[in-house]
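K.L.:
Structure file my_file.pdb (PDB, C-alpha atoms, pLDDT in the B column) is given on the next line.
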ATOM      1  CA  MET A 145     268.785  31.533 -56.716  1.00 44.00           C
ATOM      2  CA  GLU A 146     265.484  33.250 -57.318  1.00 53.00           C
ATOM      3  CA  GLY A 147     262.664  31.035 -58.649  1.00 60.00           C
ATOM      4  CA  ILE A 148     260.708  31.332 -61.885  1.00 59.00           C
ATOM      5  CA  LEU A 149     256.931  31.102 -61.666  1.00 58.00           C
ATOM      6  CA  ASN A 150     254.535  30.223 -64.497  1.00 63.00           C
ATOM      7  CA  GLN A 151     250.825  29.647 -64.113  1.00 57.00           C
ATOM      8  CA  ARG A 152     248.397  28.092 -66.555  1.00 57.00           C
ATOM      9  CA  VAL A 153     244.823  28.703 -65.573  1.00 53.00           C
ATOM     10  CA  CYS A 154     242.435  26.237 -67.143  1.00 56.00           C
ATOM     11  CA  GLY A 155     239.361  28.446 -66.893  1.00 58.00           C
ATOM     12  CA  GLY A 156     236.048  27.614 -68.457  1.00 81.00           C
ATOM     13  CA  VAL A 157     235.703  24.096 -67.028  1.00 90.00           C
ATOM     14  CA  GLU A 158     232.800  22.254 -68.645  1.00 90.00           C
ATOM     15  CA  ARG A 159     233.086  18.884 -66.942  1.00 92.00           C
ATOM     16  CA  ILE A 160     235.393  16.775 -64.804  1.00 95.00           C
ATOM     17  CA  VAL A 161     235.662  12.996 -65.029  1.00 96.00           C
ATOM     18  CA  LEU A 162     237.347  11.276 -62.076  1.00 96.00           C
ATOM     19  CA  LEU A 163     238.709   7.734 -62.085  1.00 95.00           C
ATOM     20  CA  PRO A 164     240.952   5.621 -59.880  1.00 95.00           C
ATOM     21  CA  ILE A 165     244.536   5.998 -61.114  1.00 95.00           C
ATOM     22  CA  GLY A 166     244.965   2.222 -61.255  1.00 93.00           C
ATOM     23  CA  GLU A 167     242.182   1.977 -63.847  1.00 93.00           C
ATOM     24  CA  LEU A 168     243.558   4.649 -66.178  1.00 93.00           C
ATOM     25  CA  ASP A 169     244.007   3.210 -69.684  1.00 91.00           C
ATOM     26  CA  LEU A 170     245.984   5.371 -72.120  1.00 88.00           C
ATOM     27  CA  THR A 171     247.049   4.742 -75.677  1.00 88.00           C
ATOM     28  CA  GLN A 172     249.210   7.019 -77.757  1.00 81.00           C
ATOM     29  CA  ASP A 173     249.166   7.504 -81.498  1.00 74.00           C
ATOM     30  CA  GLY A 174     250.269  10.263 -83.829  1.00 70.00           C
ATOM     31  CA  GLY A 175     247.318  12.409 -82.748  1.00 66.00           C
ATOM     32  CA  GLY A 176     248.200  12.402 -79.050  1.00 72.00           C
ATOM     33  CA  TRP A 177     246.898  10.490 -76.045  1.00 84.00           C
ATOM     34  CA  ASP A 178     243.567   8.663 -76.056  1.00 89.00           C
ATOM     35  CA  VAL A 179     241.815   7.873 -72.765  1.00 91.00           C
ATOM     36  CA  GLU A 180     239.447   4.929 -72.383  1.00 90.00           C
ATOM     37  CA  LEU A 181     237.165   5.666 -69.449  1.00 91.00           C
ATOM     38  CA  PRO A 182     236.473   2.648 -67.234  1.00 91.00           C
ATOM     39  CA  PHE A 183     233.059   1.776 -65.832  1.00 90.00           C
ATOM     40  CA  SER A 184     234.185   3.188 -62.460  1.00 91.00           C
ATOM     41  CA  ALA A 185     234.755   6.693 -63.900  1.00 94.00           C
ATOM     42  CA  VAL A 186     232.460   9.337 -62.426  1.00 95.00           C
ATOM     43  CA  GLU A 187     231.507  12.552 -64.202  1.00 94.00           C
ATOM     44  CA  ILE A 188     230.988  15.776 -62.306  1.00 92.00           C
ATOM     45  CA  GLY A 189     228.744  18.080 -64.283  1.00 84.00           C
ATOM     46  CA  VAL A 190     229.919  21.625 -63.826  1.00 87.00           C
ATOM     47  CA  GLU A 191     227.770  24.726 -63.707  1.00 84.00           C
ATOM     48  CA  GLU A 192     229.276  28.078 -64.654  1.00 82.00           C
ATOM     49  CA  GLY A 193     231.557  29.373 -61.926  1.00 82.00           C
ATOM     50  CA  THR A 194     231.555  26.207 -59.781  1.00 88.00           C
ATOM     51  CA  ALA A 195     234.853  24.632 -60.847  1.00 91.00           C
ATOM     52  CA  GLN A 196     238.351  25.651 -61.766  1.00 91.00           C
ATOM     53  CA  CYS A 197     241.636  24.100 -62.708  1.00 91.00           C
ATOM     54  CA  CYS A 198     244.988  25.764 -62.139  1.00 91.00           C
ATOM     55  CA  GLU A 199     248.519  24.585 -62.767  1.00 91.00           C
ATOM     56  CA  GLU A 200     251.537  26.357 -61.358  1.00 92.00           C
ATOM     57  CA  ARG A 201     255.140  25.809 -62.424  1.00 92.00           C
ATOM     58  CA  VAL A 202     257.979  26.895 -60.157  1.00 92.00           C
ATOM     59  CA  VAL A 203     261.628  26.532 -61.166  1.00 91.00           C
ATOM     60  CA  ARG A 204     264.227  26.839 -58.425  1.00 89.00           C
ATOM     61  CA  ASP A 205     267.890  26.032 -58.940  1.00 89.00           C
ATOM     62  CA  GLY A 206     267.065  24.427 -62.266  1.00 88.00           C
ATOM     63  CA  VAL A 207     264.455  22.058 -60.834  1.00 89.00           C
ATOM     64  CA  SER A 208     260.920  22.364 -62.223  1.00 89.00           C
ATOM     65  CA  ARG A 209     257.883  21.561 -60.057  1.00 93.00           C
ATOM     66  CA  VAL A 210     254.330  21.796 -61.342  1.00 93.00           C
ATOM     67  CA  THR A 211     251.359  21.651 -58.992  1.00 94.00           C
ATOM     68  CA  HIS A 212     247.948  20.766 -60.380  1.00 95.00           C
ATOM     69  CA  ASN A 213     244.802  21.895 -58.556  1.00 95.00           C
ATOM     70  CA  ILE A 214     241.169  21.155 -59.324  1.00 95.00           C
ATOM     71  CA  GLU A 215     238.403  22.749 -57.274  1.00 94.00           C
ATOM     72  CA  ALA A 216     234.738  21.923 -57.737  1.00 94.00           C
ATOM     73  CA  LEU A 217     231.372  21.908 -56.009  1.00 92.00           C
ATOM     74  CA  VAL A 218     229.761  18.487 -55.778  1.00 92.00           C
ATOM     75  CA  GLU A 219     226.162  17.892 -54.714  1.00 90.00           C
ATOM     76  CA  GLU A 220     225.564  15.847 -51.594  1.00 88.00           C
ATOM     77  CA  GLY A 221     224.934  12.210 -52.524  1.00 90.00           C
ATOM     78  CA  HIS A 222     226.850  12.447 -55.835  1.00 93.00           C
ATOM     79  CA  PRO A 223     228.779   9.211 -56.659  1.00 94.00           C
ATOM     80  CA  ALA A 224     232.014  11.253 -56.905  1.00 95.00           C
ATOM     81  CA  LEU A 225     232.008  11.645 -53.113  1.00 94.00           C
ATOM     82  CA  GLN A 226     232.223   7.872 -52.620  1.00 94.00           C
ATOM     83  CA  LEU A 227     234.960   7.620 -55.244  1.00 94.00           C
ATOM     84  CA  LEU A 228     236.933  10.312 -53.412  1.00 94.00           C
ATOM     85  CA  ALA A 229     236.494   8.494 -50.103  1.00 92.00           C
ATOM     86  CA  ASP A 230     237.646   5.166 -51.594  1.00 91.00           C
ATOM     87  CA  ALA A 231     240.572   6.517 -53.649  1.00 88.00           C
ATOM     88  CA  ASP A 232     243.453   5.204 -51.536  1.00 90.00           C
ATOM     89  CA  GLU A 233     245.676   4.825 -54.604  1.00 94.00           C
ATOM     90  CA  GLY A 234     244.856   8.323 -55.893  1.00 96.00           C
ATOM     91  CA  LEU A 235     242.932   9.619 -58.871  1.00 96.00           C
ATOM     92  CA  ALA A 236     243.274  10.775 -62.431  1.00 96.00           C
ATOM     93  CA  ALA A 237     240.971  13.429 -63.838  1.00 96.00           C
ATOM     94  CA  VAL A 238     240.033  14.424 -67.343  1.00 95.00           C
ATOM     95  CA  VAL A 239     239.113  18.103 -67.270  1.00 94.00           C
ATOM     96  CA  SER A 240     237.141  19.247 -70.303  1.00 92.00           C
ATOM     97  CA  LEU A 241     237.294  22.958 -71.030  1.00 89.00           C
ATOM     98  CA  ASN A 242     234.745  25.141 -72.782  1.00 84.00           C
ATOM     99  CA  SER A 243     237.326  25.569 -75.548  1.00 84.00           C
ATOM    100  CA  GLY A 244     236.829  21.888 -76.464  1.00 85.00           C
ATOM    101  CA  GLU A 245     240.222  20.815 -75.128  1.00 88.00           C
ATOM    102  CA  SER A 246     240.530  18.054 -72.523  1.00 91.00           C
ATOM    103  CA  ARG A 247     243.481  17.709 -70.167  1.00 92.00           C
ATOM    104  CA  LEU A 248     244.607  14.749 -68.080  1.00 93.00           C
ATOM    105  CA  LEU A 249     245.686  15.473 -64.516  1.00 95.00           C
ATOM    106  CA  GLY A 250     247.172  12.945 -62.106  1.00 94.00           C
ATOM    107  CA  TYR A 251     249.313  11.297 -64.789  1.00 92.00           C
ATOM    108  CA  SER A 252     252.504  12.496 -66.479  1.00 88.00           C
ATOM    109  CA  SER A 253     254.920  11.096 -69.054  1.00 84.00           C
ATOM    110  CA  ASP A 254     257.840  11.178 -66.623  1.00 87.00           C
ATOM    111  CA  PHE A 255     256.107   9.707 -63.569  1.00 90.00           C
ATOM    112  CA  ALA A 256     253.246   7.732 -65.154  1.00 89.00           C
ATOM    113  CA  LYS A 257     250.816   6.799 -62.348  1.00 92.00           C
ATOM    114  CA  GLU A 258     253.260   7.492 -59.492  1.00 92.00           C
ATOM    115  CA  ARG A 259     251.989  11.006 -58.686  1.00 93.00           C
ATOM    116  CA  PRO A 260     248.182  10.874 -58.866  1.00 96.00           C
ATOM    117  CA  LEU A 261     245.710  13.470 -57.685  1.00 97.00           C
ATOM    118  CA  ARG A 262     244.921  13.355 -53.975  1.00 96.00           C
ATOM    119  CA  VAL A 263     242.126  14.921 -51.967  1.00 95.00           C
ATOM    120  CA  MET A 264     243.623  18.003 -50.383  1.00 94.00           C
ATOM    121  CA  ARG A 265     240.398  19.383 -48.938  1.00 94.00           C
ATOM    122  CA  MET A 266     236.752  18.415 -48.747  1.00 92.00           C
ATOM    123  CA  GLU A 267     234.298  20.785 -47.056  1.00 91.00           C
ATOM    124  CA  ARG A 268     230.579  20.379 -46.563  1.00 90.00           C
ATOM    125  CA  VAL A 269     228.947  23.697 -47.377  1.00 85.00           C
ATOM    126  CA  SER A 270     225.371  24.593 -46.569  1.00 81.00           C
ATOM    127  CA  GLY A 271     223.518  26.808 -48.968  1.00 71.00           C
ATOM    128  CA  SER A 272     222.833  30.435 -48.141  1.00 72.00           C
ATOM    129  CA  CYS A 273     219.085  30.165 -48.817  1.00 71.00           C
ATOM    130  CA  ARG A 274     216.542  27.875 -47.241  1.00 71.00           C
ATOM    131  CA  ALA A 275     215.903  26.060 -50.536  1.00 66.00           C
ATOM    132  CA  ASP A 276     219.631  25.437 -51.191  1.00 70.00           C
ATOM    133  CA  ASP A 277     220.968  21.904 -50.924  1.00 76.00           C
ATOM    134  CA  ALA A 278     224.173  21.072 -49.119  1.00 80.00           C
ATOM    135  CA  GLU A 279     227.242  20.677 -51.322  1.00 89.00           C
ATOM    136  CA  TYR A 280     230.835  19.640 -50.925  1.00 91.00           C
ATOM    137  CA  ARG A 281     233.664  21.892 -52.015  1.00 93.00           C
ATOM    138  CA  ILE A 282     236.496  19.593 -53.048  1.00 94.00           C
ATOM    139  CA  ARG A 283     240.101  20.341 -53.898  1.00 96.00           C
ATOM    140  CA  LEU A 284     242.316  17.784 -55.595  1.00 97.00           C
ATOM    141  CA  TRP A 285     246.077  18.253 -55.819  1.00 97.00           C
ATOM    142  CA  SER A 286     249.121  16.618 -57.374  1.00 96.00           C
ATOM    143  CA  GLU A 287     252.688  17.575 -58.154  1.00 95.00           C
ATOM    144  CA  ASP A 288     255.101  16.542 -60.894  1.00 93.00           C
ATOM    145  CA  ASN A 289     257.350  18.308 -63.397  1.00 92.00           C
ATOM    146  CA  ALA A 290     255.138  19.170 -66.410  1.00 90.00           C
ATOM    147  CA  PHE A 291     251.854  20.823 -67.273  1.00 91.00           C
ATOM    148  CA  ALA A 292     248.909  18.492 -67.887  1.00 91.00           C
ATOM    149  CA  GLN A 293     248.719  16.769 -71.250  1.00 88.00           C
ATOM    150  CA  SER A 294     245.926  17.252 -73.752  1.00 89.00           C
ATOM    151  CA  VAL A 295     243.961  14.052 -74.347  1.00 91.00           C
ATOM    152  CA  ASN A 296     241.210  12.702 -76.567  1.00 87.00           C
ATOM    153  CA  LEU A 297     238.193  10.974 -75.080  1.00 78.00           C
TER     154      LEU A 297
END
Give the structure from this file in structure tokens form.
P.N.:
Amino acid sequence: MEGILNQRVCGGVERIVLLPIGELDLTQDGGGWDVELPFSAVEIGVEEGTAQCCEERVVRDGVSRVTHNIEALVEEGHPALQLLADADEGLAAVVSLNSGESRLLGYSSDFAKERPLRVMRMERVSGSCRADDAEYRIRLWSEDNAFAQSVNL
């Protein structure tokens, strides 16, 4: 059977907050999910055009799979690089969009903390000009069966 493909591009990323999946603390009330950020959470400030979030849903033979991808540039020496290196259990990320909405990736209602974000790629990139600092281009990935949930910080 032919598959169905849906994409949800989360353009206009304002900031990304990474945290170890084991330290994710969620509460739910009538207004949705609330996230309490632990001390270990690390914020990646995002400049225009340096980060993106994309979710892709594929349905084949009645089975839905959603992949979540976050790509960002991170300055050399940023604390997020150490968090990525130490994240054996995986990560959760709160991605804040320019629209004011925040989405939680690496956690889902059906799988809870069982399918966290993982580092798919980390590249060290030199700048193109002499005055440019080195950066890391990171890509985080996870897969479950639903688009990311909106959350309140």
K.L.:
With the file shown as input, list the residues that the PyMOL selection byres ((chain A and resi 284) around 6) selects, as a PyMOL selection string.
P.N.:
chain A and resi 213-214+261-264+283+285
K.L.:
Name the residues that the PyMOL selection byres ((chain A and resi 215-219) around 8) picks from the file above, as JSON, numbers by chain, using the file's chain letters and numbers.
P.N.:
{"A": [188, 190, 194, 195, 196, 197, 213, 214, 220, 221, 222, 224, 225, 277, 278, 279, 280, 281, 282, 283, 284]}
K.L.:
What's the separation between atom CA of A:Gly244 and atom CA of A:Ser294, in Å to one decimal place?
P.N.:
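Atom CA of A:Ser294 lies 10.6 Å from atom CA of A:Gly244.
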K.L.:
In Å, with one decimal, what is the gap from atom CA of A:Cys198 to atom CA of A:Asp169?
P.N.:
23.8 Å
K.L.:
Would you compute the distance between atom CA of A:Asp230 and atom CA of A:Leu170? Give it in Å to one decimal.
P.N.:
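Between atom CA of A:Asp230 and atom CA of A:Leu170 the gap is 22.2 Å.
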K.L.:
Given all atoms listed in the file as the basis, pick out the residue of A:Leu163, A:Leu228, A:Val202, A:Val210 nearest to A:Phe183.
P.N.:
A:Leu163
K.L.:
Residue by residue, what does the PyMOL selection byres ((chain A and resi 185) around 10) grab here? Present the result as JSON, numbers by chain.
P.N.:
{"A": [161, 162, 163, 164, 167, 168, 180, 181, 182, 183, 184, 186, 187, 188, 223, 224, 227, 236, 237, 238]}
K.L.:
My list of candidates is A:Leu297, A:Cys273, A:Ile165, A:Ala290. Which is closest to A:Asp232 when distances are computed with all atoms listed in the file?
P.N.:
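Ranked by minimum distance to A:Asp232, first place goes to A:Ile165.
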K.L.:
Could you pull the residues within 9 Å of A:Arg247, counting only C-alpha atoms, minus those fewer than 2 positions along the same chain, as a PyMOL selection string?
P.N.:
chain A and resi 237-241+245+249+292-296
K.L.:
What lies within 9 Å of A:Gly166 using only C-alpha atoms, ignoring chain neighbours under 5 positions off, as a PyMOL selection string?
P.N.:
chain A and resi 233-236+257
K.L.:
Would you please work out which residue, of A:Ser286, A:Ser270, A:Ser246, A:Ser253, is nearest to A:Gly156 when using only C-alpha atoms?
P.N.:
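Selected residue with least distance to A:Gly156: A:Ser246.
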K.L.:
May I have the protein, DNA and RNA residues with any atom at most 12 Å from the point (264.3, 20.4, -58.6), counting only C-alpha atoms, written as a list in words?
P.N.:
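All residues meeting the 12 Å criterion around (264.3, 20.4, -58.6) are Gly147, Ile148, Arg201, Val202, Val203, Arg204, Asp205, Gly206, Val207, Ser208, Arg209, Val210, Glu287, Asp288 and Asn289 of chain A.
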K.L.:
From the block I gave, I'd like stretch 205-246 of chain A written with N, CA and C atoms, as an mmCIF file, in the first residue's frame.
P.N.:
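What ended up in out20.cif:
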data_model
loop_
_atom_site.group_PDB
_atom_site.id
_atom_site.type_symbol
_atom_site.label_atom_id
_atom_site.label_comp_id
_atom_site.auth_asym_id
_atom_site.auth_seq_id
_atom_site.Cartn_x
_atom_site.Cartn_y
_atom_site.Cartn_z
ATOM 1 N N ASP A 205 0.476 1.258 5.530
ATOM 2 C CA ASP A 205 -0.317 0.109 5.991
ATOM 3 C C ASP A 205 -1.001 0.403 7.333
ATOM 4 N N GLY A 206 -1.460 1.614 7.490
ATOM 5 C CA GLY A 206 -2.190 1.987 8.690
ATOM 6 C C GLY A 206 -1.343 2.317 9.901
ATOM 7 N N VAL A 207 -0.024 2.244 9.760
ATOM 8 C CA VAL A 207 0.876 2.539 10.875
ATOM 9 C C VAL A 207 1.485 3.928 10.667
ATOM 10 N N SER A 208 1.317 4.785 11.677
ATOM 11 C CA SER A 208 1.817 6.155 11.622
ATOM 12 C C SER A 208 3.175 6.251 12.303
ATOM 13 N N ARG A 209 4.131 6.884 11.616
ATOM 14 C CA ARG A 209 5.456 7.160 12.183
ATOM 15 C C ARG A 209 5.749 8.636 11.977
ATOM 16 N N VAL A 210 6.151 9.298 13.047
ATOM 17 C CA VAL A 210 6.501 10.713 12.966
ATOM 18 C C VAL A 210 7.955 10.867 13.375
ATOM 19 N N THR A 211 8.746 11.465 12.499
ATOM 20 C CA THR A 211 10.137 11.781 12.843
ATOM 21 C C THR A 211 10.213 13.260 13.193
ATOM 22 N N HIS A 212 11.009 13.555 14.202
ATOM 23 C CA HIS A 212 11.203 14.917 14.680
ATOM 24 C C HIS A 212 12.675 15.261 14.470
ATOM 25 N N ASN A 213 12.946 16.373 13.823
ATOM 26 C CA ASN A 213 14.315 16.806 13.566
ATOM 27 C C ASN A 213 14.496 18.246 14.028
ATOM 28 N N ILE A 214 15.580 18.483 14.736
ATOM 29 C CA ILE A 214 15.979 19.840 15.106
ATOM 30 C C ILE A 214 17.400 20.023 14.590
ATOM 31 N N GLU A 215 17.617 21.102 13.865
ATOM 32 C CA GLU A 215 18.968 21.460 13.424
ATOM 33 C C GLU A 215 19.282 22.853 13.935
ATOM 34 N N ALA A 216 20.513 23.031 14.424
ATOM 35 C CA ALA A 216 20.905 24.330 14.952
ATOM 36 C C ALA A 216 22.414 24.501 14.876
ATOM 37 N N LEU A 217 22.842 25.743 14.851
ATOM 38 C CA LEU A 217 24.262 26.078 14.973
ATOM 39 C C LEU A 217 24.531 26.454 16.422
ATOM 40 N N VAL A 218 25.595 25.893 16.967
ATOM 41 C CA VAL A 218 25.962 26.132 18.357
ATOM 42 C C VAL A 218 27.417 26.589 18.385
ATOM 43 N N GLU A 219 27.667 27.685 19.079
ATOM 44 C CA GLU A 219 29.028 28.226 19.170
ATOM 45 C C GLU A 219 29.945 27.265 19.911
ATOM 46 N N GLU A 220 31.193 27.228 19.484
ATOM 47 C CA GLU A 220 32.183 26.409 20.178
ATOM 48 C C GLU A 220 32.286 26.870 21.628
ATOM 49 N N GLY A 221 32.335 25.915 22.551
ATOM 50 C CA GLY A 221 32.422 26.227 23.973
ATOM 51 C C GLY A 221 31.066 26.402 24.654
ATOM 52 N N HIS A 222 29.980 26.369 23.906
ATOM 53 C CA HIS A 222 28.637 26.525 24.493
ATOM 54 C C HIS A 222 28.329 25.312 25.374
ATOM 55 N N PRO A 223 27.703 25.511 26.549
ATOM 56 C CA PRO A 223 27.382 24.397 27.454
ATOM 57 C C PRO A 223 26.512 23.299 26.809
ATOM 58 N N ALA A 224 25.778 23.635 25.762
ATOM 59 C CA ALA A 224 24.938 22.626 25.090
ATOM 60 C C ALA A 224 25.786 21.500 24.504
ATOM 61 N N LEU A 225 27.003 21.805 24.096
ATOM 62 C CA LEU A 225 27.870 20.771 23.512
ATOM 63 C C LEU A 225 28.216 19.706 24.543
ATOM 64 N N GLN A 226 28.477 20.108 25.778
ATOM 65 C CA GLN A 226 28.757 19.134 26.838
ATOM 66 C C GLN A 226 27.515 18.315 27.166
ATOM 67 N N LEU A 227 26.360 18.979 27.207
ATOM 68 C CA LEU A 227 25.110 18.267 27.457
ATOM 69 C C LEU A 227 24.862 17.217 26.373
ATOM 70 N N LEU A 228 25.109 17.571 25.129
ATOM 71 C CA LEU A 228 24.945 16.613 24.032
ATOM 72 C C LEU A 228 25.903 15.433 24.177
ATOM 73 N N ALA A 229 27.122 15.706 24.581
ATOM 74 C CA ALA A 229 28.118 14.644 24.742
ATOM 75 C C ALA A 229 27.763 13.707 25.893
ATOM 76 N N ASP A 230 27.125 14.233 26.935
ATOM 77 C CA ASP A 230 26.810 13.449 28.132
ATOM 78 C C ASP A 230 25.416 12.812 28.106
ATOM 79 N N ALA A 231 24.651 13.047 27.062
ATOM 80 C CA ALA A 231 23.235 12.649 27.042
ATOM 81 C C ALA A 231 23.036 11.199 26.628
ATOM 82 N N ASP A 232 23.556 10.272 27.429
ATOM 83 C CA ASP A 232 23.418 8.847 27.112
ATOM 84 C C ASP A 232 21.961 8.404 27.098
ATOM 85 N N GLU A 233 21.150 8.974 27.980
ATOM 86 C CA GLU A 233 19.745 8.578 28.078
ATOM 87 C C GLU A 233 18.866 9.284 27.052
ATOM 88 N N GLY A 234 19.403 10.255 26.338
ATOM 89 C CA GLY A 234 18.633 11.021 25.364
ATOM 90 C C GLY A 234 18.199 12.362 25.926
ATOM 91 N N LEU A 235 17.566 13.144 25.082
ATOM 92 C CA LEU A 235 17.204 14.514 25.427
ATOM 93 C C LEU A 235 15.742 14.813 25.137
ATOM 94 N N ALA A 236 15.249 15.824 25.802
ATOM 95 C CA ALA A 236 14.000 16.479 25.432
ATOM 96 C C ALA A 236 14.378 17.891 25.026
ATOM 97 N N ALA A 237 13.559 18.504 24.208
ATOM 98 C CA ALA A 237 13.811 19.884 23.790
ATOM 99 C C ALA A 237 12.502 20.646 23.759
ATOM 100 N N VAL A 238 12.553 21.860 24.286
ATOM 101 C CA VAL A 238 11.433 22.780 24.139
ATOM 102 C C VAL A 238 11.867 23.776 23.068
ATOM 103 N N VAL A 239 11.128 23.766 21.965
ATOM 104 C CA VAL A 239 11.426 24.646 20.838
ATOM 105 C C VAL A 239 10.403 25.771 20.853
ATOM 106 N N SER A 240 10.888 26.986 21.058
ATOM 107 C CA SER A 240 10.007 28.158 21.069
ATOM 108 C C SER A 240 10.037 28.806 19.695
ATOM 109 N N LEU A 241 8.859 29.038 19.150
ATOM 110 C CA LEU A 241 8.729 29.606 17.815
ATOM 111 C C LEU A 241 8.464 31.103 17.890
ATOM 112 N N ASN A 242 8.745 31.797 16.811
ATOM 113 C CA ASN A 242 8.490 33.235 16.763
ATOM 114 C C ASN A 242 7.011 33.560 16.920
ATOM 115 N N SER A 243 6.157 32.593 16.667
ATOM 116 C CA SER A 243 4.711 32.784 16.820
ATOM 117 C C SER A 243 4.289 32.842 18.285
ATOM 118 N N GLY A 244 5.204 32.502 19.205
ATOM 119 C CA GLY A 244 4.890 32.476 20.629
ATOM 120 C C GLY A 244 4.575 31.084 21.137
ATOM 121 N N GLU A 245 4.405 30.131 20.248
ATOM 122 C CA GLU A 245 4.117 28.755 20.638
ATOM 123 C C GLU A 245 5.413 28.033 20.997
ATOM 124 N N SER A 246 5.321 27.127 21.970
ATOM 125 C CA SER A 246 6.449 26.263 22.328
ATOM 126 C C SER A 246 6.017 24.818 22.162
#
